[in-house]
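File shown here: structure_30.cif, holding mmCIF, C-alpha atoms.
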data_run
#
loop_
_atom_site.label_atom_id
_atom_site.label_comp_id
_atom_site.auth_asym_id
_atom_site.auth_seq_id
_atom_site.Cartn_x
_atom_site.Cartn_y
_atom_site.Cartn_z
CA MET Z 1 -79.00 -80.14 67.55
CA THR Z 2 -76.93 -77.65 65.55
CA ILE Z 3 -77.80 -73.95 65.73
CA ALA Z 4 -76.30 -71.90 62.91
CA ILE Z 5 -76.35 -68.11 63.20
CA VAL Z 6 -75.60 -66.14 60.04
CA GLY Z 7 -74.13 -62.75 60.92
CA ALA Z 8 -71.80 -61.62 63.70
CA GLY Z 9 -73.57 -58.36 64.41
CA LEU Z 10 -74.89 -57.42 67.82
CA GLY Z 11 -78.06 -59.51 67.61
CA GLY Z 12 -76.36 -62.67 66.40
CA LEU Z 13 -73.64 -62.38 69.03
CA ALA Z 14 -76.18 -61.73 71.80
CA LEU Z 15 -77.99 -64.92 70.79
CA ALA Z 16 -74.75 -66.92 70.78
CA ARG Z 17 -73.80 -65.55 74.20
CA VAL Z 18 -77.17 -66.26 75.86
CA LEU Z 19 -77.10 -69.77 74.42
CA HIS Z 20 -73.58 -70.24 75.79
CA VAL Z 21 -74.64 -69.02 79.25
CA ASN Z 22 -77.38 -71.65 79.15
CA GLY Z 23 -75.08 -74.45 78.08
CA ILE Z 24 -76.10 -74.58 74.41
CA ASP Z 25 -73.55 -74.46 71.61
CA ALA Z 26 -74.01 -72.46 68.43
CA VAL Z 27 -71.88 -71.50 65.44
CA VAL Z 28 -71.83 -67.95 64.04
CA TYR Z 29 -70.95 -67.61 60.37
CA GLU Z 30 -69.72 -64.16 59.31
CA ARG Z 31 -68.78 -63.01 55.80
CA GLU Z 32 -66.11 -60.55 57.00
CA PRO Z 33 -62.62 -62.08 57.09
CA SER Z 34 -61.87 -60.95 60.67
CA ARG Z 35 -63.31 -58.96 63.55
CA GLY Z 36 -61.27 -55.92 62.57
CA ALA Z 37 -62.01 -56.03 58.84
CA ARG Z 38 -64.08 -52.83 58.87
CA GLY Z 39 -65.26 -50.06 61.16
CA GLN Z 40 -68.41 -50.73 63.17
CA GLY Z 41 -69.97 -47.26 63.14
CA GLY Z 42 -70.64 -44.73 65.87
CA MET Z 43 -72.33 -44.67 69.24
CA LEU Z 44 -75.47 -46.48 70.39
CA ASP Z 45 -77.80 -45.48 73.19
CA LEU Z 46 -78.66 -48.71 74.97
CA HIS Z 47 -82.10 -48.50 76.58
CA SER Z 48 -82.62 -49.90 80.06
CA GLY Z 49 -85.62 -52.05 79.13
CA THR Z 50 -84.37 -53.48 75.85
CA GLY Z 51 -80.67 -53.37 74.94
CA GLN Z 52 -79.49 -53.34 78.55
CA ARG Z 53 -81.94 -56.11 79.41
CA ALA Z 54 -80.29 -58.23 76.73
CA ILE Z 55 -76.84 -57.49 78.11
CA ARG Z 56 -78.06 -58.44 81.58
CA GLU Z 57 -79.44 -61.75 80.29
CA ALA Z 58 -76.04 -62.32 78.69
CA GLY Z 59 -74.37 -61.92 82.09
CA LEU Z 60 -72.34 -58.92 80.92
CA ILE Z 61 -73.99 -55.93 82.57
CA ASP Z 62 -71.05 -55.08 84.84
CA ARG Z 63 -68.64 -55.15 81.92
CA PHE Z 64 -71.09 -53.04 79.94
CA HIS Z 65 -71.15 -50.40 82.68
CA ALA Z 66 -67.35 -50.20 82.41
CA ILE Z 67 -67.53 -49.13 78.74
CA ALA Z 68 -70.77 -47.12 78.77
CA ARG Z 69 -70.78 -43.30 78.68
CA PRO Z 70 -73.58 -41.88 80.88
CA GLU Z 71 -72.72 -38.34 79.79
CA GLY Z 72 -73.53 -39.39 76.24
CA GLN Z 73 -77.20 -38.99 77.20
CA ASP Z 74 -76.74 -35.20 76.97
CA LEU Z 75 -78.82 -33.56 74.22
CA ARG Z 76 -78.92 -30.18 72.51
CA LEU Z 77 -81.68 -29.33 70.01
CA LEU Z 78 -81.47 -26.20 67.84
CA GLU Z 79 -83.19 -24.34 65.02
CA PRO Z 80 -81.18 -23.76 61.81
CA ASP Z 81 -80.66 -20.11 62.84
CA GLY Z 82 -78.85 -21.29 65.99
CA THR Z 83 -81.73 -20.82 68.45
CA LEU Z 84 -81.31 -23.33 71.28
CA LEU Z 85 -84.64 -25.08 71.92
CA LEU Z 86 -83.62 -27.76 74.39
CA GLN Z 87 -80.55 -28.62 76.44
CA GLU Z 88 -80.48 -31.71 78.62
CA ASP Z 89 -77.35 -32.26 80.70
CA THR Z 90 -77.02 -35.57 82.52
CA PRO Z 91 -76.27 -35.33 86.26
CA ASP Z 92 -73.38 -37.46 87.48
CA ASP Z 93 -75.74 -39.55 89.62
CA ALA Z 94 -78.43 -39.99 86.95
CA PRO Z 95 -79.66 -43.55 86.31
CA LEU Z 96 -78.32 -45.28 83.25
CA GLU Z 97 -81.54 -45.07 81.25
CA ARG Z 98 -79.93 -44.63 77.82
CA PRO Z 99 -76.15 -44.42 78.12
CA GLU Z 100 -74.12 -44.25 74.94
CA VAL Z 101 -71.62 -46.96 74.06
CA ASP Z 102 -69.26 -47.29 71.14
CA ARG Z 103 -70.67 -49.93 68.79
CA ALA Z 104 -67.22 -51.46 68.29
CA ASP Z 105 -66.64 -51.70 72.05
CA LEU Z 106 -69.99 -53.41 72.54
CA ARG Z 107 -69.30 -55.86 69.73
CA ASP Z 108 -65.88 -56.63 71.23
CA LEU Z 109 -67.51 -57.21 74.61
CA LEU Z 110 -69.81 -59.83 73.09
CA LEU Z 111 -67.09 -61.42 70.96
CA ASP Z 112 -64.72 -61.73 73.92
CA SER Z 113 -67.45 -63.46 75.96
CA LEU Z 114 -67.77 -66.35 73.51
CA PRO Z 115 -65.65 -69.51 73.33
CA GLU Z 116 -62.89 -69.49 70.75
CA HIS Z 117 -64.01 -70.58 67.28
CA THR Z 118 -67.69 -69.82 67.95
CA VAL Z 119 -67.45 -67.25 65.17
CA ARG Z 120 -66.31 -68.60 61.81
CA TRP Z 121 -64.92 -65.64 59.89
CA GLY Z 122 -64.80 -65.51 56.10
CA HIS Z 123 -68.01 -67.50 55.61
CA ALA Z 124 -70.21 -65.59 53.16
CA PHE Z 125 -73.65 -67.22 53.26
CA GLU Z 126 -75.24 -67.87 49.87
CA SER Z 127 -78.21 -70.20 50.43
CA ALA Z 128 -79.66 -73.01 52.51
CA ASP Z 129 -81.72 -76.10 51.77
CA ASN Z 130 -82.49 -79.42 53.42
CA GLY Z 131 -80.44 -78.65 56.50
CA LEU Z 132 -77.33 -77.61 54.57
CA LEU Z 133 -75.73 -74.17 54.39
CA HIS Z 134 -73.93 -73.11 51.23
CA PHE Z 135 -71.18 -70.48 51.32
CA ALA Z 136 -69.76 -68.38 48.51
CA ASP Z 137 -66.45 -70.23 48.42
CA GLY Z 138 -68.12 -73.62 47.96
CA ARG Z 139 -67.93 -74.77 51.56
CA GLY Z 140 -70.99 -76.10 53.36
CA ALA Z 141 -72.24 -76.85 56.86
CA THR Z 142 -75.23 -78.59 58.40
CA TYR Z 143 -77.84 -77.10 60.70
CA ASP Z 144 -81.01 -77.98 62.58
CA LEU Z 145 -81.95 -74.34 63.22
CA LEU Z 146 -80.83 -71.47 61.00
CA VAL Z 147 -81.04 -67.93 62.41
CA GLY Z 148 -80.70 -65.06 59.97
CA ALA Z 149 -78.92 -62.26 61.79
CA ASP Z 150 -77.44 -60.98 58.55
CA GLY Z 151 -78.75 -57.44 58.53
CA ALA Z 152 -80.65 -55.19 56.15
CA ASN Z 153 -79.73 -57.13 53.01
CA SER Z 154 -80.33 -60.52 54.59
CA ARG Z 155 -80.06 -63.55 52.35
CA VAL Z 156 -81.73 -65.77 54.95
CA ARG Z 157 -84.87 -63.58 54.85
CA ALA Z 158 -85.83 -64.97 51.45
CA LEU Z 159 -86.49 -68.36 53.09
CA LEU Z 160 -89.40 -66.83 55.00
CA THR Z 161 -90.76 -63.81 53.12
CA ASP Z 162 -90.38 -61.96 49.84
CA ALA Z 163 -90.38 -58.58 51.67
CA ARG Z 164 -87.48 -56.30 50.72
CA PRO Z 165 -86.26 -53.00 52.16
CA ALA Z 166 -87.64 -49.86 50.51
CA HIS Z 167 -86.13 -46.38 50.42
CA THR Z 168 -87.62 -44.02 53.01
CA GLY Z 169 -86.92 -40.74 51.21
CA GLN Z 170 -83.97 -40.03 53.50
CA ASN Z 171 -80.34 -39.84 52.39
CA VAL Z 172 -77.49 -39.29 54.83
CA VAL Z 173 -73.89 -38.16 54.48
CA GLU Z 174 -71.63 -39.14 57.37
CA LEU Z 175 -68.53 -37.07 58.11
CA GLY Z 176 -66.38 -36.65 61.19
CA ILE Z 177 -64.01 -34.45 63.17
CA PRO Z 178 -61.15 -36.40 64.79
CA ASP Z 179 -59.78 -35.50 68.23
CA ILE Z 180 -62.17 -32.54 68.42
CA ASP Z 181 -61.16 -31.37 71.91
CA ARG Z 182 -57.62 -30.72 70.70
CA THR Z 183 -58.23 -29.68 67.11
CA HIS Z 184 -61.43 -27.61 67.51
CA PRO Z 185 -62.09 -26.90 71.20
CA GLY Z 186 -64.74 -24.28 70.41
CA LEU Z 187 -66.76 -26.71 68.34
CA ALA Z 188 -66.25 -29.37 71.01
CA ALA Z 189 -67.82 -27.11 73.62
CA MET Z 190 -70.70 -26.31 71.28
CA VAL Z 191 -71.49 -29.98 70.58
CA GLY Z 192 -71.18 -30.92 74.24
CA ARG Z 193 -70.75 -34.41 75.66
CA GLY Z 194 -73.54 -36.20 73.81
CA ASN Z 195 -75.85 -35.45 70.89
CA TYR Z 196 -76.28 -32.15 69.03
CA TRP Z 197 -79.25 -31.83 66.66
CA VAL Z 198 -80.12 -29.00 64.27
CA LEU Z 199 -83.38 -29.64 62.43
CA GLY Z 200 -84.64 -27.63 59.47
CA ASN Z 201 -87.03 -27.89 56.56
CA GLY Z 202 -86.12 -31.07 54.68
CA GLN Z 203 -82.54 -31.06 56.00
CA SER Z 204 -80.93 -31.76 59.34
CA LEU Z 205 -77.53 -31.96 60.96
CA SER Z 206 -76.67 -34.12 63.93
CA ALA Z 207 -73.33 -34.41 65.67
CA GLN Z 208 -72.46 -37.15 68.12
CA ARG Z 209 -69.44 -37.37 70.36
CA ASN Z 210 -67.69 -40.76 70.32
CA GLY Z 211 -65.60 -42.35 73.02
CA ASP Z 212 -62.38 -42.02 71.00
CA GLY Z 213 -62.64 -38.22 70.79
CA ARG Z 214 -64.12 -38.20 67.31
CA VAL Z 215 -67.36 -36.37 66.62
CA ARG Z 216 -69.43 -37.98 63.88
CA VAL Z 217 -71.46 -35.50 61.86
CA TYR Z 218 -74.53 -36.64 59.93
CA LEU Z 219 -76.17 -34.49 57.27
CA SER Z 220 -79.65 -35.74 56.42
CA PHE Z 221 -81.69 -34.86 53.36
CA HIS Z 222 -85.37 -35.75 53.60
CA ASN Z 223 -88.05 -36.32 50.97
CA THR Z 224 -85.41 -37.09 48.34
CA ALA Z 225 -85.15 -39.89 45.79
CA GLU Z 226 -83.00 -42.96 46.26
CA ASP Z 227 -80.75 -41.75 43.42
CA TRP Z 228 -80.40 -38.30 44.98
CA PHE Z 229 -76.66 -38.71 45.53
CA ALA Z 230 -76.01 -39.27 41.83
CA ALA Z 231 -78.47 -36.57 40.77
CA SER Z 232 -76.94 -34.02 43.16
CA GLY Z 233 -73.65 -34.04 41.29
CA ILE Z 234 -71.69 -34.02 44.57
CA PRO Z 235 -68.21 -35.43 43.78
CA PHE Z 236 -67.90 -37.87 46.69
CA ASP Z 237 -64.55 -39.09 45.37
CA ASP Z 238 -63.15 -35.59 46.06
CA PRO Z 239 -63.49 -34.86 49.81
CA ALA Z 240 -62.53 -31.19 49.61
CA ALA Z 241 -64.97 -30.48 46.79
CA THR Z 242 -67.66 -32.50 48.58
CA ARG Z 243 -67.32 -30.39 51.73
CA VAL Z 244 -67.70 -27.23 49.64
CA ARG Z 245 -70.87 -28.54 47.99
CA LEU Z 246 -72.33 -29.68 51.31
CA ILE Z 247 -71.61 -26.30 52.88
CA ASP Z 248 -73.47 -24.69 49.97
CA LEU Z 249 -76.53 -26.79 50.81
CA PHE Z 250 -76.52 -25.37 54.35
CA ALA Z 251 -75.42 -21.84 53.36
CA ASP Z 252 -78.34 -20.06 55.05
CA TRP Z 253 -77.90 -21.91 58.37
CA ASP Z 254 -76.09 -20.62 61.45
CA PRO Z 255 -72.33 -20.15 60.74
CA ARG Z 256 -71.49 -22.54 63.57
CA VAL Z 257 -73.19 -25.34 61.64
CA ILE Z 258 -71.10 -24.46 58.59
CA ALA Z 259 -68.01 -24.56 60.81
CA LEU Z 260 -68.84 -28.13 61.86
CA ILE Z 261 -68.97 -29.28 58.25
CA ALA Z 262 -65.80 -27.40 57.30
CA ALA Z 263 -63.87 -29.00 60.18
CA CYS Z 264 -64.56 -32.57 59.02
CA ASP Z 265 -61.80 -34.77 57.66
CA ASP Z 266 -61.76 -36.68 54.38
CA THR Z 267 -63.81 -39.68 55.56
CA ILE Z 268 -67.17 -39.09 53.85
CA LEU Z 269 -69.81 -41.81 53.59
CA PRO Z 270 -73.10 -41.32 51.69
CA ARG Z 271 -75.96 -43.65 52.67
CA SER Z 272 -79.52 -44.15 51.46
CA ILE Z 273 -81.90 -45.12 54.27
CA SER Z 274 -84.25 -48.05 53.69
CA THR Z 275 -86.70 -49.92 55.93
CA LEU Z 276 -88.80 -53.05 55.93
CA PRO Z 277 -92.60 -52.70 56.22
CA VAL Z 278 -93.67 -51.96 59.78
CA GLY Z 279 -95.37 -54.99 61.27
CA LEU Z 280 -93.78 -57.51 58.91
CA THR Z 281 -94.60 -61.12 59.88
CA TRP Z 282 -94.30 -64.56 58.31
CA PRO Z 283 -95.71 -68.00 59.10
CA SER Z 284 -93.54 -69.73 61.68
CA THR Z 285 -91.39 -72.22 59.81
CA PRO Z 286 -89.50 -75.07 61.51
CA GLY Z 287 -85.77 -74.75 61.12
CA VAL Z 288 -85.38 -71.05 60.32
CA THR Z 289 -86.04 -67.62 61.84
CA LEU Z 290 -84.73 -64.05 61.75
CA LEU Z 291 -83.64 -61.38 64.17
CA GLY Z 292 -82.53 -57.75 64.09
CA ASP Z 293 -82.46 -55.79 60.84
CA ALA Z 294 -83.05 -58.99 58.88
CA ALA Z 295 -86.50 -59.16 60.51
CA HIS Z 296 -87.50 -55.54 61.10
CA LEU Z 297 -85.21 -52.94 59.52
CA MET Z 298 -86.13 -49.52 60.99
CA PRO Z 299 -84.99 -45.92 60.48
CA PRO Z 300 -81.76 -45.19 62.41
CA VAL Z 301 -83.39 -43.30 65.29
CA GLY Z 302 -82.33 -45.38 68.30
CA GLN Z 303 -84.44 -48.54 68.23
CA GLY Z 304 -82.75 -50.92 65.80
CA ALA Z 305 -79.73 -52.07 67.80
CA ASN Z 306 -81.77 -52.30 71.00
CA MET Z 307 -84.36 -54.49 69.31
CA ALA Z 308 -81.66 -56.69 67.73
CA LEU Z 309 -79.94 -57.29 71.06
CA LEU Z 310 -83.21 -58.16 72.77
CA ASP Z 311 -84.21 -60.40 69.86
CA GLY Z 312 -81.02 -62.38 70.34
CA ALA Z 313 -81.42 -62.64 74.11
CA LEU Z 314 -85.08 -63.66 74.04
CA LEU Z 315 -84.58 -66.19 71.26
CA GLY Z 316 -81.73 -67.68 73.27
CA LEU Z 317 -83.90 -67.91 76.37
CA ALA Z 318 -86.74 -69.52 74.40
CA LEU Z 319 -84.38 -72.14 72.98
CA ALA Z 320 -82.98 -72.82 76.45
CA ALA Z 321 -86.52 -73.28 77.76
CA HIS Z 322 -87.40 -75.72 74.93
CA PRO Z 323 -84.10 -77.51 74.18
CA ASP Z 324 -85.89 -80.51 72.66
CA ASP Z 325 -88.47 -78.54 70.68
CA PHE Z 326 -86.87 -75.84 68.54
CA PRO Z 327 -90.06 -75.18 66.52
CA ALA Z 328 -91.99 -74.38 69.72
CA ALA Z 329 -89.17 -72.11 70.89
CA VAL Z 330 -89.06 -70.26 67.57
CA GLU Z 331 -92.84 -69.81 67.48
CA GLU Z 332 -92.83 -68.44 71.03
CA TYR Z 333 -89.99 -66.05 70.20
CA GLU Z 334 -91.56 -64.83 66.95
CA ARG Z 335 -94.94 -64.16 68.56
CA GLU Z 336 -93.38 -61.81 71.12
CA MET Z 337 -90.89 -60.32 68.65
CA PHE Z 338 -93.56 -59.42 66.10
CA GLU Z 339 -95.59 -57.49 68.67
CA ARG Z 340 -92.64 -55.75 70.32
CA THR Z 341 -90.84 -54.69 67.17
CA SER Z 342 -94.04 -53.57 65.45
CA ALA Z 343 -94.53 -51.05 68.25
CA ALA Z 344 -90.89 -49.96 68.00
CA GLY Z 345 -91.21 -49.70 64.23
CA ARG Z 346 -94.27 -47.46 64.49
CA GLN Z 347 -92.48 -45.14 66.90
CA SER Z 348 -89.39 -45.04 64.67
CA ALA Z 349 -91.52 -44.23 61.63
CA HIS Z 350 -93.16 -41.42 63.61
CA VAL Z 351 -89.77 -39.92 64.46
CA GLN Z 352 -88.78 -40.25 60.79
CA GLU Z 353 -91.92 -38.31 59.83
CA ILE Z 354 -90.99 -35.58 62.31
CA LEU Z 355 -87.50 -35.26 60.84
CA ALA Z 356 -88.96 -34.90 57.34
CA SER Z 357 -91.55 -32.29 58.31
CA PRO Z 358 -91.24 -28.52 57.54
CA ASP Z 359 -91.27 -27.63 61.26
CA ALA Z 360 -89.09 -30.53 62.37
CA SER Z 361 -87.36 -28.74 65.24
CA GLN Z 362 -90.62 -27.65 66.90
CA LYS Z 363 -92.20 -31.06 66.45
CA MET Z 364 -89.14 -32.76 67.90
CA LEU Z 365 -89.24 -30.40 70.86
CA ALA Z 366 -92.86 -31.44 71.45
CA PHE Z 367 -91.81 -35.09 71.13
CA PHE Z 368 -89.20 -34.68 73.86
CA GLN Z 369 -91.41 -32.45 76.02
CA PRO Z 370 -95.04 -33.54 75.47
CA ALA Z 371 -97.71 -31.31 76.93
#
Would it be possible to restate this file's structure as structure tokens?
Amino acid sequence: MTIAIVGAGLGGLALARVLHVNGIDAVVYEREPSRGARGQGGMLDLHSGTGQRAIREAGLIDRFHAIARPEGQDLRLLEPDGTLLLQEDTPDDAPLERPEVDRADLRDLLLDSLPEHTVRWGHAFESADNGLLHFADGRGATYDLLVGADGANSRVRALLTDARPAHTGQNVVELGIPDIDRTHPGLAAMVGRGNYWVLGNGQSLSAQRNGDGRVRVYLSFHNTAEDWFAASGIPFDDPAATRVRLIDLFADWDPRVIALIAACDDTILPRSISTLPVGLTWPSTPGVTLLGDAAHLMPPVGQGANMALLDGALLGLALAAHPDDFPAAVEEYEREMFERTSAAGRQSAHVQEILASPDASQKMLAFFQPA
């Protein structure tokens, strides 16, 4: 029985690894030409009951602990005028409830745990029918079970549902400060060891320390149209001019926030945030299923990667438990996945609503410190 996984993201790799641990072969087809073809993004907080559970099922928890950053759990929450509302510093002996880990390091951990040639690079999936995969370059491959782990713009998803991601009203600009401890020690001390959030009315700034010394800075604009970037007139092809325009948008905020934006380098990435409908399901279909963002794309507030990893692990365990009955395994997996990720999607949507609210900082404080 041939298991084909489309997408070498965290969820697809977790599935391949759990299958391997249980003596089941799979092939992962990835459109990127190599593992180093592009950057993998910033830090992830891996939750003990979801993402870390998946890593444990994959037999990699000790190696995960070696790359995790417990201090990344630190949090600072501020008003736009600089008022500090919440500061959480992680004790050295604190349990690893939500340690941060570099996404690229975690992906490398999973890739290195798989047999050579499990991942077939440079295979851009186009379509599938009658047990045959079709790739963009004309190649093909057979499968008995196809797993779409191909992210937000999944092509496999169309085999199961006509649902498509929709814009949430949030647009984000990612910037960054390299080697912040050396280049801007004052800003490094202000951001701290983990996450730094400043939430205002329709706008927010978050800064996140990465393991390589870079601080990623995210400027979020809420309740805006999907074409907001074009309508704003910000010249994203001119980094210096873009920084000036972005600073203007935060001109009445605390000067230290302005200093964070001004210190960023020329890597500037605008992104529109989209999600799939919360609670999306489909009739269980023999021979194909989805995991991760392909199945339940959520706002980027800490649940997506954890759900994807656990999807992969639990699907792998279901297939190992029913090696001669893939349809039963898929149906069992989907039943649990639908319920679990619907709850995570509702919570993520609630956090998204908080971020878009006029009194976002106070509502977020109440979220972290409920009465």
Explicit residues for the PyMOL selection byres ((chain Z and resi 147) around 9) (as a ChimeraX atom specification) = /Z:3-7,12,145-146,148-150,156,287-291
I'd like the neighbourhood of Phe135 (chain Z) as a CSV table (one decimal) with C-alpha atoms, keeping the file's coordinate frame, where a residue qualifies if any of its atoms comes within 8 Å (using only C-alpha atoms), though same-chain residues fewer than 2 positions away should be ignored.
chain,number,residue,atom,x,y,z
Z,123,HIS,CA,-68.0,-67.5,55.6
Z,124,ALA,CA,-70.2,-65.6,53.2
Z,125,PHE,CA,-73.6,-67.2,53.3
Z,126,GLU,CA,-75.2,-67.9,49.9
Z,127,SER,CA,-78.2,-70.2,50.4
Z,133,LEU,CA,-75.7,-74.2,54.4
Z,137,ASP,CA,-66.4,-70.2,48.4
Z,138,GLY,CA,-68.1,-73.6,48.0
Z,139,ARG,CA,-67.9,-74.8,51.6
Z,140,GLY,CA,-71.0,-76.1,53.4
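Under the PyMOL selection byres ((chain Z and resi 363) around 12), the matching residues in the shown file are Leu77, Leu78, Glu79, Leu85, Leu199, Gly200, Asn201, His350, Val351, Gln352, Glu353, Ile354, Leu355, Ala356, Ser357, Pro358, Asp359, Ala360, Ser361, Gln362, Met364, Leu365, Ala366, Phe367, Phe368, Gln369, Pro370 and Ala371 of chain Z.
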Step by step, work through what the PyMOL selection byres ((chain Z and resi 16) around 10) selects in the shown file, and finish by giving those residues as a PyMOL selection string.
-> chain Z and resi 3-5+8+10-15+17-22+24-28+58+110-111+113-115+118-119+312-313+315-316
In Å, rounded to a single decimal, give me how far CA of Asn306 (chain Z) is from CA of His47 (chain Z).
->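 Separation of CA of His47 (chain Z) and CA of Asn306 (chain Z): 6.8 Å.
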Could you jot down the CA of His322 (chain Z) to CA of Glu334 (chain Z) separation for me, Å, one decimal place?
->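 Here the two named atoms are 14.1 Å from each other.
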With distances taken over only C-alpha atoms, which of Z:Leu260, Z:Ile55, Z:Leu246, Z:Ala152 is nearest to His184 (chain Z)?
->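 For His184 (chain Z), the nearest of the candidates is Z:Leu260.
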Close residues, Thr275 (chain Z) itself excluded, 12 Å, all atoms listed in the file, min 2 positions apart in chain, as a PyMOL selection string | chain Z and resi 151-153+163-170+272-273+277-280+293-301+304+345-346+348-349+352
Between Z:Gly82, Z:Gly122, Z:Pro286, Z:Pro70, which one has atoms that come closest to Ala94 (chain Z), using all atoms listed in the file?
->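 Once distances to Ala94 (chain Z) are computed over all atoms listed in the file, the minimum belongs to Z:Pro70.
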Given all atoms listed in the file as the counted atoms, nearest of Z:Ala225, Z:Val173, Z:Leu205, Z:Leu75 to Glu100 (chain Z) |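 Ranked by minimum distance to Glu100 (chain Z), first place goes to Z:Leu75.
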Which distance in Å separates CA of Arg256 (chain Z) and CA of Arg69 (chain Z), to one decimal?
->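 If I compute the distance from CA of Arg256 (chain Z) to CA of Arg69 (chain Z), I get 25.7 Å.
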May I ask which of the residues Z:Leu187, Z:Ser284, Z:Pro99, Z:Arg56 is the closest one to Pro255 (chain Z), counting all atoms listed in the file?
->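 Using all atoms listed in the file, Pro255 (chain Z) sits closest to Z:Leu187.
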